[in-house]
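Content type compact mmCIF, C-alpha atoms, from the file run34.txt:
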# COMPACT_ATOMS: atom_id res chain seq x y z
CA MET A 13 76.16 88.48 59.71
CA LYS A 14 78.41 87.29 56.86
CA GLN A 15 79.57 84.41 59.04
CA THR A 16 75.96 83.43 59.78
CA ILE A 17 75.08 83.48 56.05
CA SER A 18 78.15 81.40 55.22
CA ILE A 19 77.27 78.81 57.86
CA LEU A 20 73.68 78.74 56.60
CA ILE A 21 74.79 78.21 52.97
CA LEU A 22 77.21 75.48 54.02
CA GLY A 23 74.51 73.78 56.08
CA LEU A 24 72.02 73.92 53.21
CA THR A 25 74.64 72.57 50.81
CA LEU A 26 75.42 69.65 53.09
CA PHE A 27 71.70 68.97 53.59
CA ALA A 28 70.90 69.11 49.86
CA TYR A 29 73.91 67.09 48.65
CA PRO A 30 72.44 63.59 49.11
CA PHE A 31 69.37 64.59 47.06
CA TYR A 32 71.60 66.03 44.37
CA ALA A 33 73.83 62.95 44.42
CA ARG A 34 70.83 60.64 44.02
CA THR A 35 69.62 62.62 41.03
CA GLU A 36 73.09 62.52 39.56
CA ASN A 37 73.31 58.77 40.17
CA ALA A 38 70.06 58.12 38.38
CA SER A 39 70.86 60.30 35.41
CA SER A 40 74.31 58.81 35.04
CA ILE A 41 73.00 55.26 34.49
CA GLU A 42 72.25 54.26 30.93
CA LEU A 43 70.72 51.09 29.55
CA HIS A 44 71.56 50.04 26.01
CA ILE A 45 70.25 47.18 23.92
CA LEU A 46 73.07 45.51 21.97
CA SER A 47 71.08 42.83 20.16
CA PRO A 48 68.95 43.73 17.09
CA ARG A 49 65.94 45.84 17.97
CA THR A 50 63.63 43.37 16.22
CA LEU A 51 63.91 39.66 16.94
CA SER A 52 61.73 37.13 15.22
CA GLY A 53 61.32 33.37 15.38
CA THR A 54 58.89 30.52 15.79
CA ALA A 55 57.18 29.61 19.06
CA GLY A 56 59.56 27.27 20.82
CA ASP A 57 62.71 29.05 19.60
CA PHE A 58 65.20 30.63 21.96
CA VAL A 59 66.68 34.07 21.37
CA THR A 60 69.24 36.01 23.36
CA VAL A 61 68.67 39.60 24.30
CA GLN A 62 71.90 41.39 25.07
CA GLY A 63 72.28 44.76 26.65
CA GLU A 64 74.57 46.71 28.88
CA ILE A 65 74.24 49.05 31.79
CA THR A 66 76.72 51.91 32.01
CA ASN A 67 77.58 54.14 34.90
CA SER A 68 78.92 57.32 33.31
CA ASN A 69 79.12 59.08 36.67
CA SER A 70 82.37 59.72 38.52
CA GLN A 71 81.05 57.80 41.53
CA ALA A 72 80.11 54.16 42.00
CA VAL A 73 76.42 53.27 42.00
CA ASN A 74 75.10 50.61 44.35
CA ASN A 75 72.17 48.19 44.54
CA ILE A 76 70.93 47.99 40.98
CA THR A 77 68.24 45.50 40.07
CA THR A 78 67.67 44.92 36.37
CA TYR A 79 64.70 42.99 35.05
CA LEU A 80 62.61 42.47 31.94
CA SER A 81 59.21 43.81 31.12
CA LEU A 82 57.29 42.12 28.32
CA VAL A 83 54.11 43.47 26.79
CA ASN A 84 51.88 41.76 24.26
CA ALA A 85 51.55 44.36 21.52
CA ASP A 86 48.39 42.69 20.16
CA THR A 87 46.42 42.61 23.41
CA LYS A 88 48.26 45.63 24.92
CA MET A 89 48.68 43.67 28.13
CA PRO A 90 51.79 42.72 30.12
CA VAL A 91 52.91 39.10 29.89
CA ASP A 92 53.91 36.85 32.78
CA LEU A 93 57.54 35.93 32.12
CA GLU A 94 57.26 32.54 33.85
CA ASP A 95 57.69 30.42 30.70
CA TRP A 96 59.57 33.03 28.71
CA SER A 97 62.73 33.41 30.73
CA ALA A 98 64.31 31.42 33.52
CA ASP A 99 66.23 34.49 34.68
CA ARG A 100 63.78 37.02 35.99
CA GLY A 101 66.28 39.66 37.01
CA LEU A 102 69.86 40.45 37.76
CA PHE A 103 71.07 42.18 40.91
CA ILE A 104 74.27 44.18 40.60
CA GLU A 105 75.79 45.20 43.88
CA THR A 106 78.06 47.95 42.57
CA ILE A 107 78.90 49.48 39.24
CA ASP A 108 82.08 51.46 39.56
CA ALA A 109 82.51 54.85 37.97
CA LYS A 110 82.69 54.71 34.16
CA GLN A 111 82.11 50.97 34.28
CA THR A 112 79.83 49.00 31.97
CA PHE A 113 78.12 45.81 33.00
CA PRO A 114 76.87 43.30 30.37
CA LEU A 115 73.30 42.01 30.59
CA THR A 116 72.18 38.82 28.86
CA TRP A 117 68.78 37.18 28.86
CA LYS A 118 67.82 33.96 27.15
CA ILE A 119 64.23 34.27 26.00
CA HIS A 120 61.99 31.35 25.06
CA PHE A 121 59.32 32.26 22.53
CA VAL A 122 56.23 30.68 24.03
CA GLN A 123 53.26 32.00 22.10
CA ALA A 124 52.79 33.47 18.66
CA GLY A 125 52.20 37.22 18.49
CA ASN A 126 53.89 40.61 18.61
CA TYR A 127 55.62 41.72 21.77
CA THR A 128 57.74 44.54 23.10
CA LEU A 129 60.46 43.98 25.63
CA THR A 130 62.14 46.52 27.85
CA ILE A 131 65.02 46.18 30.27
CA VAL A 132 64.31 48.09 33.45
CA ALA A 133 66.78 49.06 36.16
CA ASP A 134 65.84 50.02 39.71
CA ILE A 135 68.64 51.87 41.43
CA GLY A 136 68.78 51.73 45.19
CA GLY A 137 67.57 54.95 46.76
CA ASN A 138 66.06 56.36 43.57
CA ASP A 139 62.36 56.78 43.03
CA MET A 140 62.57 56.65 39.25
CA PRO A 141 63.52 53.44 37.45
CA ILE A 142 65.47 53.60 34.20
CA ALA A 143 64.26 51.78 31.11
CA SER A 144 65.97 50.78 27.88
CA LYS A 145 64.59 51.30 24.40
CA LEU A 146 62.07 48.73 23.21
CA VAL A 147 62.98 45.42 21.60
CA TYR A 148 60.31 44.05 19.24
CA PHE A 149 59.51 40.34 19.13
CA LYS A 150 57.67 38.78 16.22
CA VAL A 151 56.77 35.24 17.18
CA LEU A 152 55.36 33.00 14.48
CA PRO A 153 53.13 30.03 15.35
CA LYS A 154 54.87 26.68 15.69
CA LYS A 155 54.17 24.16 12.99
CA ASN A 156 54.44 20.78 14.64
CA LEU A 157 56.30 18.11 12.74
CA ASN A 158 53.42 15.72 12.65
CA PRO A 159 50.21 17.06 14.13
CA GLY A 160 48.02 15.53 11.42
CA HIS A 161 49.24 11.98 11.82
CA VAL A 162 49.19 11.67 15.56
CA LEU A 163 45.41 11.71 15.89
CA PRO A 164 44.72 8.60 13.76
CA VAL A 165 47.32 6.67 15.77
CA ALA A 166 46.25 8.10 19.14
CA LEU A 167 42.63 7.23 18.51
CA GLY A 168 43.09 4.28 16.19
CA GLU A 169 45.35 2.07 18.22
CA PRO A 170 43.16 1.73 21.35
CA ILE A 171 40.15 1.12 19.07
CA LEU A 172 42.13 -1.52 17.20
CA ILE A 173 42.99 -3.23 20.48
CA VAL A 174 39.31 -3.23 21.49
CA PHE A 175 38.47 -4.88 18.14
CA ALA A 176 41.21 -7.43 18.76
CA PHE A 177 39.59 -8.22 22.12
CA LEU A 178 36.19 -8.67 20.45
CA ALA A 179 37.75 -10.91 17.78
CA LEU A 180 39.43 -12.94 20.51
CA ARG A 181 36.16 -13.37 22.33
CA TYR A 182 34.34 -14.33 19.12
CA TRP A 183 37.03 -16.87 18.25
CA ARG A 184 36.94 -18.31 21.77
CA ASP A 185 33.11 -18.60 21.75
CA ARG A 186 33.16 -20.34 18.37
CA LYS A 187 35.78 -22.74 19.62
CA HIS A 188 33.67 -23.69 22.63
CA HIS A 189 30.40 -24.20 20.74
CA MET B 26 58.62 -29.75 22.19
CA LYS B 27 61.09 -28.57 24.75
CA MET B 28 59.70 -28.36 28.25
CA PHE B 29 60.32 -24.67 28.69
CA LYS B 30 58.14 -24.05 25.64
CA TYR B 31 55.31 -25.86 27.37
CA ILE B 32 55.56 -23.55 30.38
CA TRP B 33 55.94 -20.51 28.14
CA LEU B 34 52.85 -21.31 26.05
CA LYS B 35 50.84 -22.32 29.11
CA ASP B 36 51.49 -18.94 30.72
CA LEU B 37 50.89 -17.08 27.50
CA LYS B 38 47.50 -18.73 27.10
CA ALA B 39 46.65 -17.77 30.66
CA GLU B 40 47.81 -14.21 29.99
CA LEU B 41 46.23 -13.65 26.62
CA TYR B 42 43.16 -15.81 26.51
CA THR B 43 40.57 -13.39 27.89
CA TRP B 44 40.12 -9.68 27.30
CA LYS B 45 40.25 -9.10 31.06
CA SER B 46 43.78 -10.44 31.24
CA LEU B 47 44.69 -8.16 28.33
CA ALA B 48 42.99 -5.01 29.61
CA TRP B 49 46.36 -3.62 30.73
CA LEU B 50 47.39 -3.53 27.07
CA LEU B 51 44.47 -1.23 26.28
CA VAL B 52 45.31 0.98 29.26
CA THR B 53 48.96 1.15 28.18
CA SER B 54 47.90 2.06 24.66
CA MET B 55 45.63 4.81 26.00
CA ILE B 56 48.48 6.22 28.12
CA PHE B 57 50.71 6.31 25.04
CA SER B 58 47.89 7.93 23.02
CA VAL B 59 47.34 10.74 25.52
CA ILE B 60 51.05 11.43 25.92
CA ALA B 61 51.81 11.32 22.18
CA TYR B 62 48.88 13.60 21.43
CA LEU B 63 49.84 16.06 24.17
CA LEU B 64 53.48 16.10 23.12
CA LEU B 65 52.62 16.98 19.56
CA THR B 66 49.67 19.30 20.07
CA ASN B 67 49.67 20.85 23.54
CA ARG B 68 50.99 24.40 23.39
CA GLU B 69 53.52 24.18 26.21
CA LEU B 70 54.56 20.54 25.71
CA SER B 71 54.90 20.90 21.94
CA LEU B 72 57.52 23.59 22.56
CA LEU B 73 59.87 20.91 23.86
CA ASP B 74 62.79 20.21 21.63
CA HIS B 75 61.83 17.30 19.36
CA THR B 76 64.69 15.21 20.70
CA GLU B 77 63.50 15.84 24.26
CA MET B 78 60.04 14.62 23.24
CA LEU B 79 61.56 11.35 22.03
CA TRP B 80 63.59 11.05 25.21
CA LEU B 81 60.54 11.63 27.39
CA PHE B 82 58.45 9.17 25.40
CA GLY B 83 61.22 6.54 25.50
CA LYS B 84 61.33 6.83 29.28
CA ILE B 85 57.55 6.47 29.49
CA ILE B 86 57.56 3.34 27.28
CA ILE B 87 60.28 1.59 29.27
CA GLY B 88 58.83 2.75 32.60
CA SER B 89 55.33 1.50 31.73
CA ALA B 90 56.70 -1.79 30.42
CA LEU B 91 58.74 -2.36 33.57
CA LEU B 92 55.71 -1.69 35.74
CA VAL B 93 53.53 -4.11 33.76
CA VAL B 94 56.20 -6.82 33.58
CA VAL B 95 57.19 -6.55 37.26
CA ILE B 96 53.56 -6.84 38.41
CA ASP B 97 52.89 -9.73 36.07
CA ALA B 98 56.16 -11.55 36.80
CA SER B 99 55.40 -11.34 40.52
CA SER B 100 52.44 -13.63 40.00
CA LEU B 101 54.00 -15.99 37.43
CA ILE B 102 55.89 -18.16 39.91
CA THR B 103 54.11 -17.32 43.16
CA SER B 104 50.72 -18.30 41.65
CA GLU B 105 52.11 -21.82 41.18
CA PHE B 106 52.87 -21.92 44.90
CA GLU B 107 49.62 -20.27 46.00
CA ASN B 108 47.45 -22.45 43.70
CA GLU B 109 49.51 -25.50 44.72
CA THR B 110 50.18 -26.39 41.09
CA ILE B 111 53.96 -26.35 41.57
CA GLU B 112 53.77 -29.86 42.98
CA ASP B 113 52.20 -31.22 39.76
CA LEU B 114 54.76 -29.41 37.65
CA ILE B 115 57.71 -30.69 39.62
CA LEU B 116 56.38 -34.26 39.40
CA THR B 117 56.57 -34.06 35.60
CA PRO B 118 59.96 -34.44 33.90
CA LEU B 119 60.41 -30.71 34.09
CA SER B 120 63.62 -29.21 35.39
CA VAL B 121 63.66 -26.02 37.43
CA LYS B 122 65.76 -24.52 34.62
CA ASP B 123 63.00 -25.19 32.07
CA PHE B 124 60.40 -23.93 34.51
CA VAL B 125 62.23 -20.63 35.05
CA LEU B 126 63.13 -20.26 31.36
CA GLY B 127 59.48 -20.75 30.31
CA LYS B 128 58.35 -18.11 32.81
CA LEU B 129 61.13 -15.77 31.65
CA PHE B 130 59.99 -16.09 28.03
CA ALA B 131 56.42 -15.35 29.11
CA SER B 132 57.57 -12.11 30.76
CA LEU B 133 59.65 -11.14 27.74
CA THR B 134 56.60 -11.74 25.53
CA LEU B 135 54.68 -9.18 27.58
CA TRP B 136 57.49 -6.67 27.01
CA LEU B 137 57.33 -7.52 23.30
CA LEU B 138 53.59 -6.77 23.34
CA VAL B 139 54.11 -3.39 25.05
CA TYR B 140 56.87 -2.57 22.58
CA THR B 141 54.69 -3.57 19.61
CA VAL B 142 51.90 -1.33 20.88
CA ALA B 143 54.41 1.52 21.30
CA VAL B 144 55.95 1.24 17.83
CA PRO B 145 53.28 3.24 15.90
CA TYR B 146 53.51 6.05 18.48
CA MET B 147 57.31 6.05 18.27
CA VAL B 148 57.11 6.21 14.47
CA VAL B 149 54.65 9.12 14.57
CA ILE B 150 56.60 11.10 17.14
CA SER B 151 59.98 10.58 15.51
CA SER B 152 58.84 11.07 11.90
CA GLY B 153 60.56 14.04 10.34
CA THR B 154 63.67 13.48 12.43
CA LYS B 155 66.68 11.32 11.59
CA LEU B 156 66.42 9.52 14.88
CA MET B 157 63.59 7.05 14.17
CA GLY B 158 65.90 4.03 13.77
CA ALA B 159 67.99 4.91 16.81
CA PHE B 160 64.85 5.59 18.87
CA LEU B 161 63.25 2.26 17.95
CA GLY B 162 66.51 0.32 18.29
CA TYR B 163 67.70 1.72 21.60
CA THR B 164 64.26 1.53 23.23
CA ALA B 165 64.14 -2.15 22.23
CA LEU B 166 67.68 -2.87 23.39
CA LEU B 167 67.57 -1.00 26.70
CA GLY B 168 64.02 -2.16 27.46
CA THR B 169 64.89 -5.81 26.82
CA ILE B 170 67.96 -5.74 29.08
CA ALA B 171 66.02 -3.94 31.84
CA VAL B 172 63.01 -6.29 31.62
CA LEU B 173 65.35 -9.30 31.70
CA GLY B 174 67.16 -8.05 34.81
CA PHE B 175 64.04 -7.05 36.71
CA THR B 176 62.21 -10.29 35.82
CA MET B 177 65.11 -12.38 37.11
CA PHE B 178 65.05 -10.38 40.34
CA VAL B 179 61.28 -10.89 40.72
CA PHE B 180 61.65 -14.63 40.09
CA ALA B 181 64.43 -14.89 42.67
CA VAL B 182 62.25 -13.12 45.23
CA SER B 183 59.31 -15.36 44.26
CA PHE B 184 61.32 -18.49 45.11
CA PHE B 185 62.29 -17.01 48.47
CA TYR B 186 58.87 -15.66 49.48
CA ARG B 187 56.47 -18.00 47.63
CA SER B 188 53.78 -15.38 48.25
CA LEU B 189 52.36 -12.94 45.71
CA LYS B 190 51.74 -10.16 48.22
CA ASN B 191 55.30 -10.10 49.55
CA THR B 192 56.93 -10.57 46.15
CA LEU B 193 54.86 -7.79 44.61
CA THR B 194 55.55 -5.40 47.49
CA THR B 195 59.30 -6.03 47.40
CA SER B 196 59.55 -5.83 43.61
CA LEU B 197 57.51 -2.65 43.30
CA THR B 198 59.45 -1.03 46.13
CA LEU B 199 62.72 -1.79 44.35
CA LEU B 200 61.36 -0.43 41.07
CA LEU B 201 60.16 2.71 42.82
CA ALA B 202 63.45 3.16 44.68
CA LEU B 203 65.42 2.91 41.45
CA SER B 204 63.04 5.30 39.69
CA ILE B 205 63.36 8.08 42.28
CA PRO B 206 66.69 9.48 40.94
CA ALA B 207 64.88 10.19 37.66
CA LEU B 208 63.03 12.92 39.56
CA PHE B 209 66.22 14.53 40.85
CA SER B 210 67.24 17.92 39.55
CA THR B 211 70.52 18.32 37.66
CA THR B 212 72.10 19.98 40.72
CA LEU B 213 71.20 17.05 42.93
CA LYS B 214 72.50 14.59 40.33
CA ASN B 215 75.90 16.31 40.45
CA ASN B 216 76.28 15.35 44.09
CA ALA B 217 79.16 12.82 44.52
CA LEU B 218 76.98 10.15 46.16
CA ALA B 219 74.20 10.63 43.60
CA LYS B 220 76.79 10.19 40.83
CA ILE B 221 78.01 6.88 42.27
CA LEU B 222 74.46 5.60 42.80
CA GLY B 223 73.48 6.80 39.33
CA SER B 224 76.32 4.89 37.70
CA ILE B 225 75.04 1.58 39.11
CA ASN B 226 71.31 2.29 38.95
CA PRO B 227 69.90 0.44 35.90
CA LEU B 228 67.07 2.93 35.37
CA ASP B 229 69.43 5.89 35.56
CA ASN B 230 71.66 4.22 32.97
CA ILE B 231 68.69 3.60 30.66
CA PHE B 232 67.59 7.23 30.87
CA SER B 233 71.17 8.49 30.44
CA SER B 234 71.70 6.26 27.41
CA LEU B 235 68.47 7.48 25.80
CA ASP B 236 69.58 11.04 26.52
CA ASN B 237 72.98 10.29 24.99
CA VAL B 238 71.39 8.88 21.83
CA LEU B 239 68.40 11.16 21.33
CA VAL B 240 69.58 14.49 22.72
CA ASP B 241 73.35 14.32 22.19
CA TYR B 242 73.15 12.27 18.93
CA LYS B 243 75.70 9.71 20.14
CA VAL B 244 74.05 6.77 18.44
CA SER B 245 76.76 4.10 18.19
CA ILE B 246 76.88 1.24 20.68
CA ALA B 247 80.50 2.13 21.52
CA GLN B 248 79.38 5.60 22.59
CA ASN B 249 76.76 4.05 24.88
CA LEU B 250 78.82 1.27 26.42
CA THR B 251 79.25 3.35 29.58
CA PHE B 252 75.52 2.98 30.16
CA ILE B 253 74.91 -0.46 28.63
CA MET B 254 77.67 -2.22 30.60
CA PRO B 255 76.18 -1.42 34.05
CA LEU B 256 72.85 -2.71 32.72
CA VAL B 257 74.45 -5.94 31.59
CA LEU B 258 76.20 -6.23 34.96
CA PHE B 259 72.84 -5.70 36.67
CA CYS B 260 71.43 -8.60 34.62
CA VAL B 261 74.41 -10.80 35.51
CA ALA B 262 73.97 -9.96 39.22
CA MET B 263 70.24 -10.76 39.02
CA PHE B 264 71.05 -14.02 37.20
CA VAL B 265 73.42 -15.03 40.02
CA ILE B 266 70.73 -14.21 42.62
CA LEU B 267 68.19 -16.24 40.64
CA ILE B 268 70.53 -19.24 40.42
CA PHE B 269 71.11 -19.00 44.17
CA SER B 270 67.37 -18.80 44.92
CA THR B 271 66.58 -21.81 42.71
CA LYS B 272 69.29 -23.81 44.51
CA VAL B 273 67.75 -22.82 47.85
CA PHE B 274 64.34 -23.85 46.51
CA LYS B 275 65.67 -27.22 45.37
CA ARG B 276 67.30 -27.80 48.74
CA ARG B 277 64.26 -26.80 50.76
CA GLY B 278 61.75 -28.58 48.54
CA ILE B 279 58.17 -27.56 47.81
CA ILE B 280 57.18 -27.64 51.43
CA LYS B 281 59.61 -25.47 53.34
CA GLY B 282 61.64 -27.31 55.94
Any chance you could give the structure as structure tokens?
Amino acid sequence: MKQTISILILGLTLFAYPFYARTENASSIELHILSPRTLSGTAGDFVTVQGEITNSNSQAVNNITTYLSLVNADTKMPVDLEDWSADRGLFIETIDAKQTFPLTWKIHFVQAGNYTLTIVADIGGNDMPIASKLVYFKVLPKKNLNPGHVLPVALGEPILIVFAFLALRYWRDRKHH
Amino acid sequence: MKMFKYIWLKDLKAELYTWKSLAWLLVTSMIFSVIAYLLLTNRELSLLDHTEMLWLFGKIIIGSALLVVVIDASSLITSEFENETIEDLILTPLSVKDFVLGKLFASLTLWLLVYTVAVPYMVVISSGTKLMGAFLGYTALLGTIAVLGFTMFVFAVSFFYRSLKNTLTTSLTLLLALSIPALFSTTLKNNALAKILGSINPLDNIFSSLDNVLVDYKVSIAQNLTFIMPLVLFCVAMFVILIFSTKVFKRRGIIKG
């Protein structure tokens, strides 16, 4: 009887270990933001968001995909990162035990407004992604160097050329008559 | 009055006398207007670095000018053949040198017109930066060398073909072929063959020089000699081809064979 119970416990332990290990893997991964929590600038500026992913477990963790999630705090809607960052995500094959991996994203401020950014990590085999703390973006509207003066030139010059054509025609007609 | 001046003024009158023959100038101005306005006001485009805006606009000015000048230059000499007016011109005390020089000045005047139209846009776009002088100067310098080289090539082809259709097709194909590397990505430009071709391609050298001046702030001539020298060599090569084609023309006479 004792032998049967021992075999049963051993079998259950072996069966449950992978689930335990996965949970341990997920809980042992931490995401930290190293850059200031609030970044501000003008539309058109570039900022760098730095973070790190740490595996505090005693085992290596495999297949980690890290990516950004940006939310417009004014409209409460997620933002398509297409123009904001050329690097959508970073795949890390393995993070060894007690190892830290640096994460860097260059962000292009595209539109004025308030935003929150999160770094998210999907770990292979885990159902629950891990997210960093929020980074706050305050993007001011871009003041173009010369928006007021371009319109008179953009409209004025073709009109001036048309007037020059009319003057040319008038001069030519007068010359012939 | 020197004979080349006669040819120059004759062609200028033909080019500039009616509004129809000048309509391209209005179209060019409208292209510059739309691009300048978009660069400074469109949300995505206005996010470009200011120096990149100047670089992009410089490329558009020189590109548009080359297109206009190449199309126009294709008809300058061939029209004399097709309208059979070359015979009358050759019967006058006019040398082939004066004839070609007069036509060359007419083409350069068109470039001057395009440049003059572009100046207010260049001033508006570059105001507020310290690059206005360099932008105006280098666009003028690089554009003039490029226009000179391409015009000489078109004239050489004109003497060989004596037909507008063939000259225009060949000239535009060459211009297009040399413009294609401008569309290449940076990775593709790093390819060994692309690097060699880029170093001799006049358009690539123009764009690289503008990039050197406007984006990297290397504004002295010495810092741009790497790009200007191949352009000058291109002009010299086109001059040699032109001389050769005029000699062939003189040997063959007005009526081939």
Chain A residues near chain B within 10 Å, closest pair each, using all atoms listed in the file, as CSV:
residue,atom,partner,partner_atom,distance
A:Thr54,CA,B:Leu72,CA,9.8
A:Ala55,CA,B:Leu72,CA,7.0
A:Gly56,CA,B:Leu72,CA,4.6
A:Asp57,CA,B:Leu72,CA,8.1
A:Asp95,CA,B:Glu69,CA,8.7
A:His120,CA,B:Leu72,CA,9.3
A:Phe121,CA,B:Leu72,CA,8.9
A:Val122,CA,B:Leu72,CA,7.4
A:Gln123,CA,B:Arg68,CA,8.0
A:Lys154,CA,B:Leu72,CA,8.0
A:Lys155,CA,B:Ser71,CA,9.6
A:Asn156,CA,B:Leu65,CA,6.5
A:Leu157,CA,B:Gly153,CA,6.4
A:Asn158,CA,B:Val149,CA,7.0
A:Pro159,CA,B:Leu65,CA,5.9
A:Gly160,CA,B:Leu65,CA,9.5
A:His161,CA,B:Val149,CA,6.7
A:Val162,CA,B:Val149,CA,6.1
A:Leu163,CA,B:Tyr62,CA,6.8
A:Pro164,CA,B:Ser58,CA,9.8
A:Val165,CA,B:Tyr146,CA,6.8
A:Ala166,CA,B:Ser58,CA,4.2
A:Leu167,CA,B:Ser58,CA,7.0
A:Gly168,CA,B:Ser58,CA,9.1
A:Glu169,CA,B:Ser54,CA,6.9
A:Pro170,CA,B:Ser54,CA,5.8
A:Ile171,CA,B:Leu51,CA,8.7
A:Leu172,CA,B:Leu51,CA,9.4
A:Ile173,CA,B:Leu51,CA,6.3
A:Val174,CA,B:Leu51,CA,7.3
A:Ala176,CA,B:Trp44,CA,8.9
A:Phe177,CA,B:Trp44,CA,5.4
A:Leu178,CA,B:Trp44,CA,8.0
A:Ala179,CA,B:Trp44,CA,9.9
A:Leu180,CA,B:Thr43,CA,7.5
A:Arg181,CA,B:Thr43,CA,7.1
A:Arg184,CA,B:Tyr42,CA,8.2
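Restricting the calculation to all atoms listed in the file, the smallest distance between A:Val83 and any of A:Ile131, A:Met140, A:Leu46, A:Leu115 is found for A:Ile131.
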Name the residues in contact with B:Leu256 at a cut-off of 9 Å, using all atoms listed in the file, excluding same-chain residues fewer than 3 positions from it; report them as a list in words.
-> Leu167, Ile170, Ala171, Gly174, Ile225, Asn226, Pro227, Leu228, Asn230, Ile231, Phe252, Ile253, Phe259, Cys260 and Val261 of chain B
Between atom CA of B:Leu91 and atom CA of B:Glu107 lies a distance of 23.6 Å
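When the distance limit is 6 Å and all atoms listed in the file are what count, the residues near A:Ile65, minus those fewer than 4 positions from it on the same chain, are A:Glu42, A:Leu43, A:Thr112, A:Phe113.
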key: Long-range neighbours of B:Met28 as number ranges by chain, 12 Å cut-off, all atoms listed in the file, 2 positions minimum in chain   = B: 26, 30-35, 114-115, 117-128
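Using all atoms listed in the file for every distance, the candidate list A:Ile19, A:Val151, A:Leu102, A:Val132 yields A:Val132 as the residue closest to A:Leu80.
Near (69.3, 48.3, 43.5), the residues that fall inside 10 Å on the basis of all atoms listed in the file are Val73, Asn74, Asn75, Ile76, Thr77, Thr78, Leu102, Phe103, Ile104, Glu105, Thr106, Ala133, Asp134, Ile135, Gly136, Gly137, Asn138 and Pro141 of chain A.
One finds atom CA of B:Ala98 at 21.4 Å from atom CA of B:Gly278.
Coordinates place atom CA of B:Leu37 at a distance of 25.3 Å from atom CA of B:Lys275.
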